[in-house]
Amino acid sequence: MNGKNVAAYYVGDNKFSLETAPIYRPLSQEVQVAIAYCGICGTDMHVYGGHMDQRVGKHRVIGHEMSGVITEVGSDVFNLQVGDPVVVRPLQHCGKCSTCQRGLTHICENLKFLGLDSDGAFQQYWTVPAHTIHKLPPNLPLSDAAIVEPLAVACHDVDRARVCKNEDVLVIGAGPIGLLIAMVARESGANVIVSEVDPKKIRYTKSLGFTVVNASLPGQEASLLSKTNQKGFDVIFDASGVQAAVDLFTKVSATRARICMVAIHTNKPQIDLFKFFWQELELIGARVYESKDFDKAISLLANKQILPEHIVTGIKPLKEIQKAFTPKKTLNIKTLISVTPELV
C-alpha cells in the first residue's frame with residue numbers, strides 16, 4: 001500500500017472530483033482490495049446524470065464492475081490472502097429479514113449496494129466485506145475480469161428464464177447487458193435473435209454473429225415470427241425498458257413462453273394480460289445476481305467462452321473519468337477505468 005488513495009467522487013451536476021480519500025484498514029471480516037479496473041455501467045450513468053442524488057448524495061465514490069488484488073485481510077478471514085486476484089459481488093444483505101431467511105440474500109429486503117449506498121470502486125483502495133469476494137483463476141487477466149459483474153447479471157437472467165438448448169430466444173435491446181444475455185444464451189445452445197433500433201448497435205451486434213431485426217422498421221413482428229416458423233419465441237428478454245418492448249413481447253411469444261424482465265422501466269408499462277391468460281405465458285423478474293452467477297461468469301471468461309473484447313470498447317485512466325462519462329457520438333458498449341496503474 002503506497003499510503004495514498006486517489007478517488008473519483010461524484011459531486012453532482014455531471015461532474016467528478018479527483019481527491020485523496022481515506023484508506024480504511026479492514027475489520028476482522030473484511031478485506032482491502034487495490035483496484036485495477038472498474039467498468040462504467042448504466043446505473044453509474046444514471047448517477048452521473050443526477051437521477052439518483054437522493055440515494056447517493058453528492059460526494060460519493062461510485063463504481064462496482066471491478067477487478068483487483070487483495071492488499072490486506074482482516075483477522076477472521078482465512079480463505080483469502082494478500083496478492084489474490086479478485087472481483088467483488090457488491091451486495092450487502094442484512095441476514096435477518098424474511099427474504100434472507102429463505103436464502104435469497106441477493107434480494108434482501110434491506111439490501112445495500114456497494115458503490116451506491118456506500119463508496120465504491122473508482123478509488124485505488126476499497127475495503128469490503130470478505131463474503132463479497134470471488135477469487136480469480138491465474139489465467140484470467142484483470143482487464144478481462146472487470147466484466148465479471150455485468151456478465152454475472154446476464155448469467156442470472158438466463159438462469160432465471162430457464163433457457164434450454166435449441167430454444168428460440170429473443171433479446172430486445174443490444175446494450176451491454178442485452179449483448180451479454182445474447183452471448184450467454186447462445187453459449188447455452190439456444191437460437192438467439194436480437195431486436196434493436198440503433199443502427200450502430202445493429203451493425204455491431206451483427207458483427208458478433210447474431211441475427212438482428214431492426215425494431216424501427218415496419219413489419220418487425222412478422223420478421224421476428226418468421227425466424228421461428230411462426231411459432232413465436234420460447235424465451236424473451238426485455239433489456240430495453242421501453243413500452244415498445246412490452247408491446248412486442250406479447251405479440252411474438254410462443255405458447256407458454258417465459259418473458260424475463262431485465263431492464264428497469266422508469267414509467268409503469270401497460271401489459272396485455274389477456275395474452276398471458278390465453279397462451280399461459282410466464283413473466284419473470286430478474287434482479288442483480290447470486291454467488292453462483294459470479295462463479296459461472298468467471299468460468300465463462302476463463303474458458304474463453306465469452307470474449308471481453310466483444311464488450312469492452314475503450315479504456316481510460318482514472319484521471320480522465322470525466323471524459324469517459326461524457327456521452328459520445330461513436331459506438332460505446334463498455335468503457336473501463338484503469339484505476340491503479342501499477343496493477344495494469
# chains A, B, ... in the order shown; residues from 1 in each chain; ligands from 1
>>> select_by_dssp(residues="range 150-324 of chain A", states="alpha helix (DSSP H)", output="PyMOL selection string")
chain A and resi 150-160+176-187+199-207+220-226+243-249+273-279+291-302+321-324
>>> residues_around(residues="range 144-152 of chain A", least_positions_apart="5", cutoff="8 Å", atoms="only C-alpha atoms", output="list of chain:residue names")
A:Tyr37, A:Cys38, A:Gly39, A:His64, A:Glu65, A:Met66, A:Ser67, A:Val87, A:Val88, A:Arg89, A:Leu136, A:Pro176, A:Ile177, A:Leu180, A:Ile181, A:Tyr289, A:Asp293, A:Phe294, A:Lys296, A:Ala297, A:Ile298, A:Leu301, A:Pro308, A:Leu336
>>> write_last_selection(atoms="C-alpha atoms", output="mmCIF file, in the first residue's frame")
data_model
loop_
_atom_site.group_PDB
_atom_site.id
_atom_site.type_symbol
_atom_site.label_atom_id
_atom_site.label_comp_id
_atom_site.auth_asym_id
_atom_site.auth_seq_id
_atom_site.Cartn_x
_atom_site.Cartn_y
_atom_site.Cartn_z
ATOM 1 C CA TYR A 37 -10.048 -1.740 -13.398
ATOM 2 C CA CYS A 38 -13.605 -0.594 -12.891
ATOM 3 C CA GLY A 39 -16.214 -0.542 -15.642
ATOM 4 C CA HIS A 64 -18.736 -1.658 -8.785
ATOM 5 C CA GLU A 65 -17.751 -3.519 -12.011
ATOM 6 C CA MET A 66 -14.213 -4.084 -10.823
ATOM 7 C CA SER A 67 -11.180 -6.301 -10.645
ATOM 8 C CA VAL A 87 -13.646 -9.381 -8.007
ATOM 9 C CA VAL A 88 -16.333 -8.115 -5.643
ATOM 10 C CA ARG A 89 -20.020 -9.115 -5.661
ATOM 11 C CA LEU A 136 -9.983 -15.333 -9.916
ATOM 12 C CA PRO A 176 -24.116 -4.147 -22.732
ATOM 13 C CA ILE A 177 -26.476 -6.362 -20.709
ATOM 14 C CA LEU A 180 -24.160 -10.362 -22.691
ATOM 15 C CA ILE A 181 -27.529 -12.098 -22.301
ATOM 16 C CA TYR A 289 -27.178 -11.918 -9.199
ATOM 17 C CA ASP A 293 -23.766 -16.423 -11.149
ATOM 18 C CA PHE A 294 -20.366 -14.872 -10.376
ATOM 19 C CA LYS A 296 -20.428 -19.037 -13.780
ATOM 20 C CA ALA A 297 -19.272 -15.711 -15.233
ATOM 21 C CA ILE A 298 -15.695 -16.287 -14.086
ATOM 22 C CA LEU A 301 -14.352 -15.837 -19.182
ATOM 23 C CA PRO A 308 -14.312 -9.499 -23.160
ATOM 24 C CA LEU A 336 -13.196 0.527 -18.317
#
>>> residues_around(residues="range 163-167 of chain A", least_positions_apart="5", cutoff="8 Å", atoms="only C-alpha atoms", output="PDB file with all heavy atoms, in the first residue's frame")
ATOM      1  N   VAL A 158     -30.346 -15.441 -17.607  1.00  0.00           N
ATOM      2  CA  VAL A 158     -30.532 -16.657 -18.406  1.00  0.00           C
ATOM      3  C   VAL A 158     -30.948 -17.821 -17.522  1.00  0.00           C
ATOM      4  O   VAL A 158     -31.793 -18.643 -17.903  1.00  0.00           O
ATOM      5  CB  VAL A 158     -29.235 -16.967 -19.195  1.00  0.00           C
ATOM      6  CG1 VAL A 158     -29.300 -18.349 -19.840  1.00  0.00           C
ATOM      7  CG2 VAL A 158     -28.991 -15.900 -20.251  1.00  0.00           C
ATOM      8  N   ALA A 185     -26.914 -16.879 -23.586  1.00  0.00           N
ATOM      9  CA  ALA A 185     -27.972 -17.743 -24.123  1.00  0.00           C
ATOM     10  C   ALA A 185     -27.463 -18.564 -25.300  1.00  0.00           C
ATOM     11  O   ALA A 185     -27.765 -19.763 -25.425  1.00  0.00           O
ATOM     12  CB  ALA A 185     -29.177 -16.902 -24.533  1.00  0.00           C
ATOM     13  N   SER A 188     -25.484 -21.354 -24.182  1.00  0.00           N
ATOM     14  CA  SER A 188     -26.332 -22.402 -23.627  1.00  0.00           C
ATOM     15  C   SER A 188     -26.951 -23.283 -24.709  1.00  0.00           C
ATOM     16  O   SER A 188     -27.670 -24.237 -24.395  1.00  0.00           O
ATOM     17  CB  SER A 188     -27.447 -21.777 -22.776  1.00  0.00           C
ATOM     18  OG  SER A 188     -26.914 -21.021 -21.715  1.00  0.00           O
ATOM     19  N   GLY A 189     -26.714 -22.931 -25.965  1.00  0.00           N
ATOM     20  CA  GLY A 189     -27.222 -23.735 -27.069  1.00  0.00           C
ATOM     21  C   GLY A 189     -28.517 -23.244 -27.665  1.00  0.00           C
ATOM     22  O   GLY A 189     -29.121 -23.927 -28.506  1.00  0.00           O
ATOM     23  N   ALA A 190     -28.976 -22.051 -27.254  1.00  0.00           N
ATOM     24  CA  ALA A 190     -30.228 -21.515 -27.777  1.00  0.00           C
ATOM     25  C   ALA A 190     -30.018 -20.837 -29.128  1.00  0.00           C
ATOM     26  O   ALA A 190     -28.893 -20.456 -29.485  1.00  0.00           O
ATOM     27  CB  ALA A 190     -30.820 -20.508 -26.778  1.00  0.00           C
ATOM     28  N   ASN A 191     -31.100 -20.705 -29.866  1.00  0.00           N
ATOM     29  CA  ASN A 191     -31.108 -19.956 -31.120  1.00  0.00           C
ATOM     30  C   ASN A 191     -31.500 -18.517 -30.783  1.00  0.00           C
ATOM     31  O   ASN A 191     -32.644 -18.250 -30.412  1.00  0.00           O
ATOM     32  CB  ASN A 191     -32.109 -20.552 -32.103  1.00  0.00           C
ATOM     33  CG  ASN A 191     -31.907 -22.041 -32.295  1.00  0.00           C
ATOM     34  OD1 ASN A 191     -30.787 -22.483 -32.541  1.00  0.00           O
ATOM     35  ND2 ASN A 191     -32.970 -22.825 -32.179  1.00  0.00           N
ATOM     36  N   PHE A 233     -41.345 -17.011 -29.917  1.00  0.00           N
ATOM     37  CA  PHE A 233     -40.131 -17.249 -29.130  1.00  0.00           C
ATOM     38  C   PHE A 233     -40.460 -17.931 -27.810  1.00  0.00           C
ATOM     39  O   PHE A 233     -41.414 -17.566 -27.125  1.00  0.00           O
ATOM     40  CB  PHE A 233     -39.391 -15.943 -28.900  1.00  0.00           C
ATOM     41  CG  PHE A 233     -38.767 -15.391 -30.151  1.00  0.00           C
ATOM     42  CD1 PHE A 233     -39.477 -14.548 -30.981  1.00  0.00           C
ATOM     43  CD2 PHE A 233     -37.483 -15.760 -30.516  1.00  0.00           C
ATOM     44  CE1 PHE A 233     -38.919 -14.051 -32.154  1.00  0.00           C
ATOM     45  CE2 PHE A 233     -36.910 -15.282 -31.681  1.00  0.00           C
ATOM     46  CZ  PHE A 233     -37.630 -14.422 -32.506  1.00  0.00           C
ATOM     47  N   ASP A 234     -39.630 -18.904 -27.460  1.00  0.00           N
ATOM     48  CA  ASP A 234     -39.813 -19.641 -26.206  1.00  0.00           C
ATOM     49  C   ASP A 234     -39.416 -18.803 -24.996  1.00  0.00           C
ATOM     50  O   ASP A 234     -40.002 -18.933 -23.917  1.00  0.00           O
ATOM     51  CB  ASP A 234     -38.974 -20.929 -26.225  1.00  0.00           C
ATOM     52  CG  ASP A 234     -39.289 -21.787 -27.424  1.00  0.00           C
ATOM     53  OD1 ASP A 234     -40.435 -22.249 -27.525  1.00  0.00           O
ATOM     54  OD2 ASP A 234     -38.389 -21.990 -28.272  1.00  0.00           O
ATOM     55  N   VAL A 235     -38.399 -17.961 -25.186  1.00  0.00           N
ATOM     56  CA  VAL A 235     -37.909 -17.097 -24.112  1.00  0.00           C
ATOM     57  C   VAL A 235     -37.650 -15.715 -24.700  1.00  0.00           C
ATOM     58  O   VAL A 235     -37.063 -15.593 -25.783  1.00  0.00           O
ATOM     59  CB  VAL A 235     -36.605 -17.637 -23.484  1.00  0.00           C
ATOM     60  CG1 VAL A 235     -36.154 -16.725 -22.346  1.00  0.00           C
ATOM     61  CG2 VAL A 235     -36.784 -19.065 -22.996  1.00  0.00           C
TER      62      VAL A 235
END
>>> closest_residue(among="A:Glu320, A:Asp168, A:Asp295, A:Asp13", to="Lys227 in chain A", atoms="only C-alpha atoms")
A:Asp168
>>> closest_residue(among="A:Gly219, A:Gly12, A:Pro22, A:Pro341", to="Gly50 in chain A", atoms="only C-alpha atoms")
A:Gly12
>>> residues_around(residues="Leu217 in chain A", least_positions_apart="5", cutoff="12 Å", atoms="only C-alpha atoms", output="list in words")
Ser195, Glu196, Val197, Asp198, Pro199, Ala222, Ser223 and Leu224 of chain A
>>> closest_atom_pairs(of="range 16-84 of chain A", to="range 248-271 of chain A", cutoff="12 Å", atoms="only C-alpha atoms", output="tab-separated table")
residue	atom	partner	partner_atom	distance
A:Gly42	CA	A:Ala263	CA	10.4
A:Thr43	CA	A:Ile264	CA	10.3
A:His46	CA	A:Thr266	CA	11.6
A:His51	CA	A:Thr266	CA	11.0
>>> write_last_selection(atoms="N, CA and C atoms", output="PDB file, in the first residue's frame")
ATOM      1  N   GLY A  42     -24.670   1.227 -16.665  1.00  0.00           N
ATOM      2  CA  GLY A  42     -25.813   2.102 -16.864  1.00  0.00           C
ATOM      3  C   GLY A  42     -26.241   2.806 -15.593  1.00  0.00           C
ATOM      4  N   THR A  43     -26.162   2.106 -14.466  1.00  0.00           N
ATOM      5  CA  THR A  43     -26.527   2.728 -13.189  1.00  0.00           C
ATOM      6  C   THR A  43     -25.572   3.867 -12.859  1.00  0.00           C
ATOM      7  N   HIS A  46     -26.660   6.811 -14.700  1.00  0.00           N
ATOM      8  CA  HIS A  46     -27.832   7.443 -14.071  1.00  0.00           C
ATOM      9  C   HIS A  46     -27.391   8.326 -12.909  1.00  0.00           C
ATOM     10  N   HIS A  51     -29.780  11.551 -11.563  1.00  0.00           N
ATOM     11  CA  HIS A  51     -31.079  10.915 -11.357  1.00  0.00           C
ATOM     12  C   HIS A  51     -31.174  10.140 -10.043  1.00  0.00           C
TER      13      HIS A  51
END
>>> select_by_dssp(residues="range 132-239 of chain A", states="strand (DSSP E)", output="CSV table (one decimal) with N, CA, C and O atoms, in the first residue's frame")
chain,number,residue,atom,x,y,z
A,133,ILE,N,-16.2,-11.4,-1.8
A,133,ILE,CA,-15.1,-11.6,-2.7
A,133,ILE,C,-15.2,-12.9,-3.4
A,133,ILE,O,-15.6,-14.0,-2.9
A,134,HIS,N,-14.8,-12.9,-4.7
A,134,HIS,CA,-14.6,-14.1,-5.5
A,134,HIS,C,-13.2,-14.1,-6.1
A,134,HIS,O,-12.8,-13.1,-6.7
A,135,LYS,N,-12.5,-15.2,-5.8
A,135,LYS,CA,-11.1,-15.3,-6.3
A,135,LYS,C,-11.1,-15.6,-7.8
A,135,LYS,O,-12.0,-16.3,-8.3
A,168,ASP,N,-35.8,-21.0,-29.0
A,168,ASP,CA,-35.8,-19.8,-29.7
A,168,ASP,C,-35.9,-18.7,-28.7
A,168,ASP,O,-36.8,-18.5,-28.0
A,169,VAL,N,-34.8,-17.8,-28.7
A,169,VAL,CA,-34.7,-16.8,-27.7
A,169,VAL,C,-34.6,-15.4,-28.4
A,169,VAL,O,-33.9,-15.2,-29.4
A,170,LEU,N,-35.4,-14.5,-27.9
A,170,LEU,CA,-35.3,-13.1,-28.4
A,170,LEU,C,-34.8,-12.2,-27.3
A,170,LEU,O,-35.3,-12.2,-26.2
A,171,VAL,N,-33.8,-11.4,-27.6
A,171,VAL,CA,-33.3,-10.3,-26.7
A,171,VAL,C,-33.7,-9.0,-27.3
A,171,VAL,O,-33.3,-8.7,-28.4
A,172,ILE,N,-34.5,-8.2,-26.6
A,172,ILE,CA,-34.9,-6.9,-27.0
A,172,ILE,C,-34.0,-5.9,-26.4
A,172,ILE,O,-34.0,-5.6,-25.2
A,191,ASN,N,-31.1,-20.7,-29.9
A,191,ASN,CA,-31.1,-20.0,-31.1
A,191,ASN,C,-31.5,-18.5,-30.8
A,191,ASN,O,-32.6,-18.3,-30.4
A,192,VAL,N,-30.6,-17.6,-30.9
A,192,VAL,CA,-30.7,-16.2,-30.4
A,192,VAL,C,-30.9,-15.2,-31.5
A,192,VAL,O,-30.2,-15.2,-32.4
A,193,ILE,N,-32.0,-14.4,-31.4
A,193,ILE,CA,-32.3,-13.3,-32.2
A,193,ILE,C,-32.3,-12.0,-31.4
A,193,ILE,O,-32.7,-12.1,-30.2
A,194,VAL,N,-31.8,-10.9,-31.9
A,194,VAL,CA,-31.7,-9.7,-31.2
A,194,VAL,C,-32.6,-8.6,-31.9
A,194,VAL,O,-32.6,-8.6,-33.2
A,195,SER,N,-33.3,-7.9,-31.2
A,195,SER,CA,-34.1,-6.7,-31.7
A,195,SER,C,-33.5,-5.4,-31.2
A,195,SER,O,-33.3,-5.3,-30.0
A,196,GLU,N,-33.3,-4.5,-32.1
A,196,GLU,CA,-32.6,-3.2,-31.7
A,196,GLU,C,-33.0,-2.1,-32.7
A,196,GLU,O,-33.4,-2.4,-33.9
A,211,THR,N,-28.2,-12.7,-35.5
A,211,THR,CA,-29.2,-12.2,-36.4
A,211,THR,C,-29.9,-11.1,-35.7
A,211,THR,O,-30.4,-11.3,-34.5
A,212,VAL,N,-30.1,-10.0,-36.3
A,212,VAL,CA,-30.7,-8.8,-35.7
A,212,VAL,C,-31.9,-8.3,-36.6
A,212,VAL,O,-31.8,-8.2,-37.8
A,213,VAL,N,-33.0,-8.0,-35.9
A,213,VAL,CA,-34.1,-7.4,-36.6
A,213,VAL,C,-34.2,-6.0,-36.2
A,213,VAL,O,-34.2,-5.6,-35.0
A,214,ASN,N,-34.3,-5.1,-37.1
A,214,ASN,CA,-34.4,-3.6,-36.9
A,214,ASN,C,-35.8,-3.3,-36.4
A,214,ASN,O,-36.8,-3.3,-37.2
A,233,PHE,N,-41.3,-17.0,-29.9
A,233,PHE,CA,-40.1,-17.2,-29.1
A,233,PHE,C,-40.5,-17.9,-27.8
A,233,PHE,O,-41.4,-17.6,-27.1
A,234,ASP,N,-39.6,-18.9,-27.5
A,234,ASP,CA,-39.8,-19.6,-26.2
A,234,ASP,C,-39.4,-18.8,-25.0
A,234,ASP,O,-40.0,-18.9,-23.9
A,235,VAL,N,-38.4,-18.0,-25.2
A,235,VAL,CA,-37.9,-17.1,-24.1
A,235,VAL,C,-37.6,-15.7,-24.7
A,235,VAL,O,-37.1,-15.6,-25.8
A,236,ILE,N,-38.1,-14.7,-24.0
A,236,ILE,CA,-37.9,-13.3,-24.4
A,236,ILE,C,-37.3,-12.5,-23.3
A,236,ILE,O,-37.8,-12.6,-22.1
A,237,PHE,N,-36.3,-11.7,-23.5
A,237,PHE,CA,-35.7,-10.9,-22.5
A,237,PHE,C,-35.9,-9.4,-22.9
A,237,PHE,O,-35.6,-9.0,-24.0
A,238,ASP,N,-36.5,-8.7,-22.0
A,238,ASP,CA,-36.7,-7.2,-22.2
A,238,ASP,C,-35.5,-6.5,-21.6
A,238,ASP,O,-35.4,-6.4,-20.3
>>> residues_around(residues="Val73 in chain A", least_positions_apart="3", cutoff="8 Å", atoms="only C-alpha atoms", output="list in words")
Pro26, Ser28, Gln29, Glu30, Val31, Gln32, Ile70, Val77, Leu80, Gln81 and Val82 of chain A
>>> write_last_selection(atoms="N, CA and C atoms", output="PDB file, in the first residue's frame")
ATOM      1  N   PRO A  26      -8.986  -3.011   7.036  1.00  0.00           N
ATOM      2  CA  PRO A  26     -10.114  -3.946   7.141  1.00  0.00           C
ATOM      3  C   PRO A  26     -10.400  -4.352   8.576  1.00  0.00           C
ATOM      4  N   SER A  28     -12.318  -7.213  11.153  1.00  0.00           N
ATOM      5  CA  SER A  28     -11.987  -8.634  11.285  1.00  0.00           C
ATOM      6  C   SER A  28     -12.502  -9.480  10.125  1.00  0.00           C
ATOM      7  N   GLN A  29     -13.665  -9.127   9.563  1.00  0.00           N
ATOM      8  CA  GLN A  29     -14.247  -9.923   8.483  1.00  0.00           C
ATOM      9  C   GLN A  29     -14.300  -9.144   7.173  1.00  0.00           C
ATOM     10  N   GLU A  30     -13.324  -8.295   6.976  1.00  0.00           N
ATOM     11  CA  GLU A  30     -13.233  -7.501   5.754  1.00  0.00           C
ATOM     12  C   GLU A  30     -11.895  -7.739   5.065  1.00  0.00           C
ATOM     13  N   VAL A  31     -11.813  -7.297   3.814  1.00  0.00           N
ATOM     14  CA  VAL A  31     -10.545  -7.299   3.085  1.00  0.00           C
ATOM     15  C   VAL A  31     -10.381  -5.961   2.381  1.00  0.00           C
ATOM     16  N   GLN A  32      -9.145  -5.612   2.156  1.00  0.00           N
ATOM     17  CA  GLN A  32      -8.837  -4.408   1.383  1.00  0.00           C
ATOM     18  C   GLN A  32      -8.330  -4.836   0.006  1.00  0.00           C
ATOM     19  N   ILE A  70      -5.990  -8.330  -3.621  1.00  0.00           N
ATOM     20  CA  ILE A  70      -6.095  -8.132  -2.174  1.00  0.00           C
ATOM     21  C   ILE A  70      -4.775  -7.600  -1.607  1.00  0.00           C
ATOM     22  N   VAL A  77     -10.427 -13.602   8.578  1.00  0.00           N
ATOM     23  CA  VAL A  77     -10.538 -14.047   7.181  1.00  0.00           C
ATOM     24  C   VAL A  77      -9.419 -15.043   6.918  1.00  0.00           C
ATOM     25  N   LEU A  80      -8.695 -16.198   2.202  1.00  0.00           N
ATOM     26  CA  LEU A  80      -8.166 -15.230   1.246  1.00  0.00           C
ATOM     27  C   LEU A  80      -6.800 -14.762   1.719  1.00  0.00           C
ATOM     28  N   GLN A  81      -5.946 -14.388   0.742  1.00  0.00           N
ATOM     29  CA  GLN A  81      -4.591 -13.977   1.081  1.00  0.00           C
ATOM     30  C   GLN A  81      -4.212 -12.716   0.322  1.00  0.00           C
ATOM     31  N   VAL A  82      -3.268 -11.985   0.883  1.00  0.00           N
ATOM     32  CA  VAL A  82      -2.703 -10.839   0.182  1.00  0.00           C
ATOM     33  C   VAL A  82      -2.114 -11.316  -1.151  1.00  0.00           C
TER      34      VAL A  82
END
>>> residues_around(residues="Ile337 in chain A", least_positions_apart="3", cutoff="8 Å", atoms="only C-alpha atoms", output="MDAnalysis selection string")
chainID A and resid 37:40 122 315:318 321 324
>>> write_last_selection(atoms="N, CA and C atoms", output="PDB file, in the first residue's frame")
ATOM      1  N   TYR A  37      -9.114  -2.305 -12.425  1.00  0.00           N
ATOM      2  CA  TYR A  37     -10.048  -1.740 -13.398  1.00  0.00           C
ATOM      3  C   TYR A  37     -11.439  -1.649 -12.783  1.00  0.00           C
ATOM      4  N   CYS A  38     -12.196  -0.685 -13.262  1.00  0.00           N
ATOM      5  CA  CYS A  38     -13.605  -0.594 -12.891  1.00  0.00           C
ATOM      6  C   CYS A  38     -14.388  -0.118 -14.099  1.00  0.00           C
ATOM      7  N   GLY A  39     -15.409  -0.878 -14.481  1.00  0.00           N
ATOM      8  CA  GLY A  39     -16.214  -0.542 -15.642  1.00  0.00           C
ATOM      9  C   GLY A  39     -17.304   0.459 -15.312  1.00  0.00           C
ATOM     10  N   ILE A  40     -17.747   1.171 -16.335  1.00  0.00           N
ATOM     11  CA  ILE A  40     -18.853   2.109 -16.218  1.00  0.00           C
ATOM     12  C   ILE A  40     -20.129   1.397 -16.642  1.00  0.00           C
ATOM     13  N   PHE A 122     -14.286   3.298  -7.820  1.00  0.00           N
ATOM     14  CA  PHE A 122     -13.484   4.286  -8.542  1.00  0.00           C
ATOM     15  C   PHE A 122     -12.506   4.961  -7.573  1.00  0.00           C
ATOM     16  N   ILE A 315     -10.714   1.976 -22.845  1.00  0.00           N
ATOM     17  CA  ILE A 315     -10.116   2.031 -21.508  1.00  0.00           C
ATOM     18  C   ILE A 315      -9.549   3.428 -21.300  1.00  0.00           C
ATOM     19  N   LYS A 316      -9.891   4.041 -20.159  1.00  0.00           N
ATOM     20  CA  LYS A 316      -9.401   5.372 -19.825  1.00  0.00           C
ATOM     21  C   LYS A 316      -8.761   5.339 -18.435  1.00  0.00           C
ATOM     22  N   PRO A 317      -7.745   6.165 -18.198  1.00  0.00           N
ATOM     23  CA  PRO A 317      -7.172   6.249 -16.846  1.00  0.00           C
ATOM     24  C   PRO A 317      -8.123   6.985 -15.911  1.00  0.00           C
ATOM     25  N   LEU A 318      -7.934   6.799 -14.617  1.00  0.00           N
ATOM     26  CA  LEU A 318      -8.814   7.425 -13.628  1.00  0.00           C
ATOM     27  C   LEU A 318      -8.841   8.946 -13.780  1.00  0.00           C
ATOM     28  N   ILE A 321     -11.679  10.249 -15.981  1.00  0.00           N
ATOM     29  CA  ILE A 321     -13.004   9.691 -15.740  1.00  0.00           C
ATOM     30  C   ILE A 321     -14.110  10.630 -16.221  1.00  0.00           C
ATOM     31  N   ALA A 324     -14.521  10.028 -19.772  1.00  0.00           N
ATOM     32  CA  ALA A 324     -15.092   8.699 -20.021  1.00  0.00           C
ATOM     33  C   ALA A 324     -16.599   8.690 -19.838  1.00  0.00           C
TER      34      ALA A 324
END
>>> residues_around(residues="Val47 in chain A", least_positions_apart="2", cutoff="10 Å", atoms="only C-alpha atoms", output="list in words")
Tyr10, Val11, Gly12, Asp13, Asn14, Gly42, Thr43, Asp44, Met45, Gly49, Gly50, His51, Met52, Asp53, Gln54, Arg55, Val56, Gly57, Lys58, Arg60, Ile62 and Leu116 of chain A
>>> write_last_selection(atoms="N, CA, C and O atoms", output="compact mmCIF listing (two decimals), in the first residue's frame")
# COMPACT_ATOMS: atom_id res chain seq x y z
N TYR A 10 -18.21 11.43 -7.29
CA TYR A 10 -19.32 12.10 -7.97
C TYR A 10 -19.77 13.25 -7.07
O TYR A 10 -20.06 13.03 -5.88
N VAL A 11 -19.83 14.46 -7.62
CA VAL A 11 -20.16 15.64 -6.82
C VAL A 11 -21.38 16.38 -7.35
O VAL A 11 -21.64 17.53 -6.98
N GLY A 12 -22.17 15.71 -8.22
CA GLY A 12 -23.37 16.35 -8.76
C GLY A 12 -23.07 17.13 -10.02
O GLY A 12 -21.91 17.36 -10.39
N ASP A 13 -24.15 17.53 -10.72
CA ASP A 13 -24.03 18.37 -11.92
C ASP A 13 -23.13 17.77 -12.99
O ASP A 13 -22.34 18.47 -13.63
N ASN A 14 -23.20 16.44 -13.17
CA ASN A 14 -22.42 15.76 -14.20
C ASN A 14 -20.91 15.97 -14.02
O ASN A 14 -20.19 16.16 -15.00
N GLY A 42 -24.67 1.23 -16.66
CA GLY A 42 -25.81 2.10 -16.86
C GLY A 42 -26.24 2.81 -15.59
O GLY A 42 -26.65 3.98 -15.62
N THR A 43 -26.16 2.11 -14.47
CA THR A 43 -26.53 2.73 -13.19
C THR A 43 -25.57 3.87 -12.86
O THR A 43 -26.00 4.93 -12.38
N ASP A 44 -24.28 3.68 -13.12
CA ASP A 44 -23.32 4.76 -12.91
C ASP A 44 -23.67 5.98 -13.74
O ASP A 44 -23.56 7.12 -13.29
N MET A 45 -24.12 5.74 -14.98
CA MET A 45 -24.50 6.85 -15.85
C MET A 45 -25.74 7.57 -15.31
O MET A 45 -25.85 8.80 -15.42
N GLY A 49 -25.85 11.46 -14.26
CA GLY A 49 -26.86 12.37 -14.79
C GLY A 49 -27.71 13.05 -13.74
O GLY A 49 -28.60 13.84 -14.07
N GLY A 50 -27.47 12.75 -12.46
CA GLY A 50 -28.20 13.40 -11.39
C GLY A 50 -29.52 12.76 -11.03
O GLY A 50 -30.28 13.31 -10.24
N HIS A 51 -29.78 11.55 -11.56
CA HIS A 51 -31.08 10.92 -11.36
C HIS A 51 -31.17 10.14 -10.04
O HIS A 51 -32.26 9.68 -9.69
N MET A 52 -30.05 10.00 -9.34
CA MET A 52 -30.05 9.21 -8.11
C MET A 52 -29.46 9.97 -6.93
O MET A 52 -29.00 9.39 -5.96
N ASP A 53 -29.50 11.31 -7.02
CA ASP A 53 -28.89 12.13 -5.97
C ASP A 53 -29.51 11.88 -4.60
O ASP A 53 -28.82 11.94 -3.57
N GLN A 54 -30.80 11.61 -4.58
CA GLN A 54 -31.47 11.38 -3.29
C GLN A 54 -30.92 10.15 -2.59
O GLN A 54 -30.87 10.09 -1.36
N ARG A 55 -30.47 9.19 -3.38
CA ARG A 55 -29.93 7.95 -2.82
C ARG A 55 -28.44 8.06 -2.52
O ARG A 55 -27.99 7.66 -1.44
N VAL A 56 -27.66 8.58 -3.46
CA VAL A 56 -26.20 8.52 -3.33
C VAL A 56 -25.60 9.82 -2.78
O VAL A 56 -24.43 9.83 -2.36
N GLY A 57 -26.38 10.92 -2.78
CA GLY A 57 -25.82 12.19 -2.35
C GLY A 57 -24.93 12.79 -3.42
O GLY A 57 -24.93 12.36 -4.57
N LYS A 58 -24.14 13.80 -3.02
CA LYS A 58 -23.28 14.50 -3.97
C LYS A 58 -21.82 14.49 -3.53
O LYS A 58 -21.07 15.43 -3.81
N ARG A 60 -19.88 11.00 -3.44
CA ARG A 60 -19.86 9.54 -3.36
C ARG A 60 -18.89 8.98 -4.40
O ARG A 60 -18.88 9.39 -5.55
N ILE A 62 -18.52 6.15 -6.67
CA ILE A 62 -19.37 5.11 -7.22
C ILE A 62 -18.50 4.05 -7.89
O ILE A 62 -17.29 4.05 -7.75
N LEU A 116 -23.13 2.42 -4.41
CA LEU A 116 -24.28 3.32 -4.46
C LEU A 116 -24.65 3.77 -3.05
O LEU A 116 -24.69 4.95 -2.75
>>> closest_residue(among="A:Tyr125, A:Glu72, A:Gln243, A:Pro137", to="Val86 in chain A", atoms="only C-alpha atoms")
A:Pro137
>>> atom_distance(atom1="CA of Cys94 in chain A", atom2="CA of Ile107 in chain A")
10.3 Å
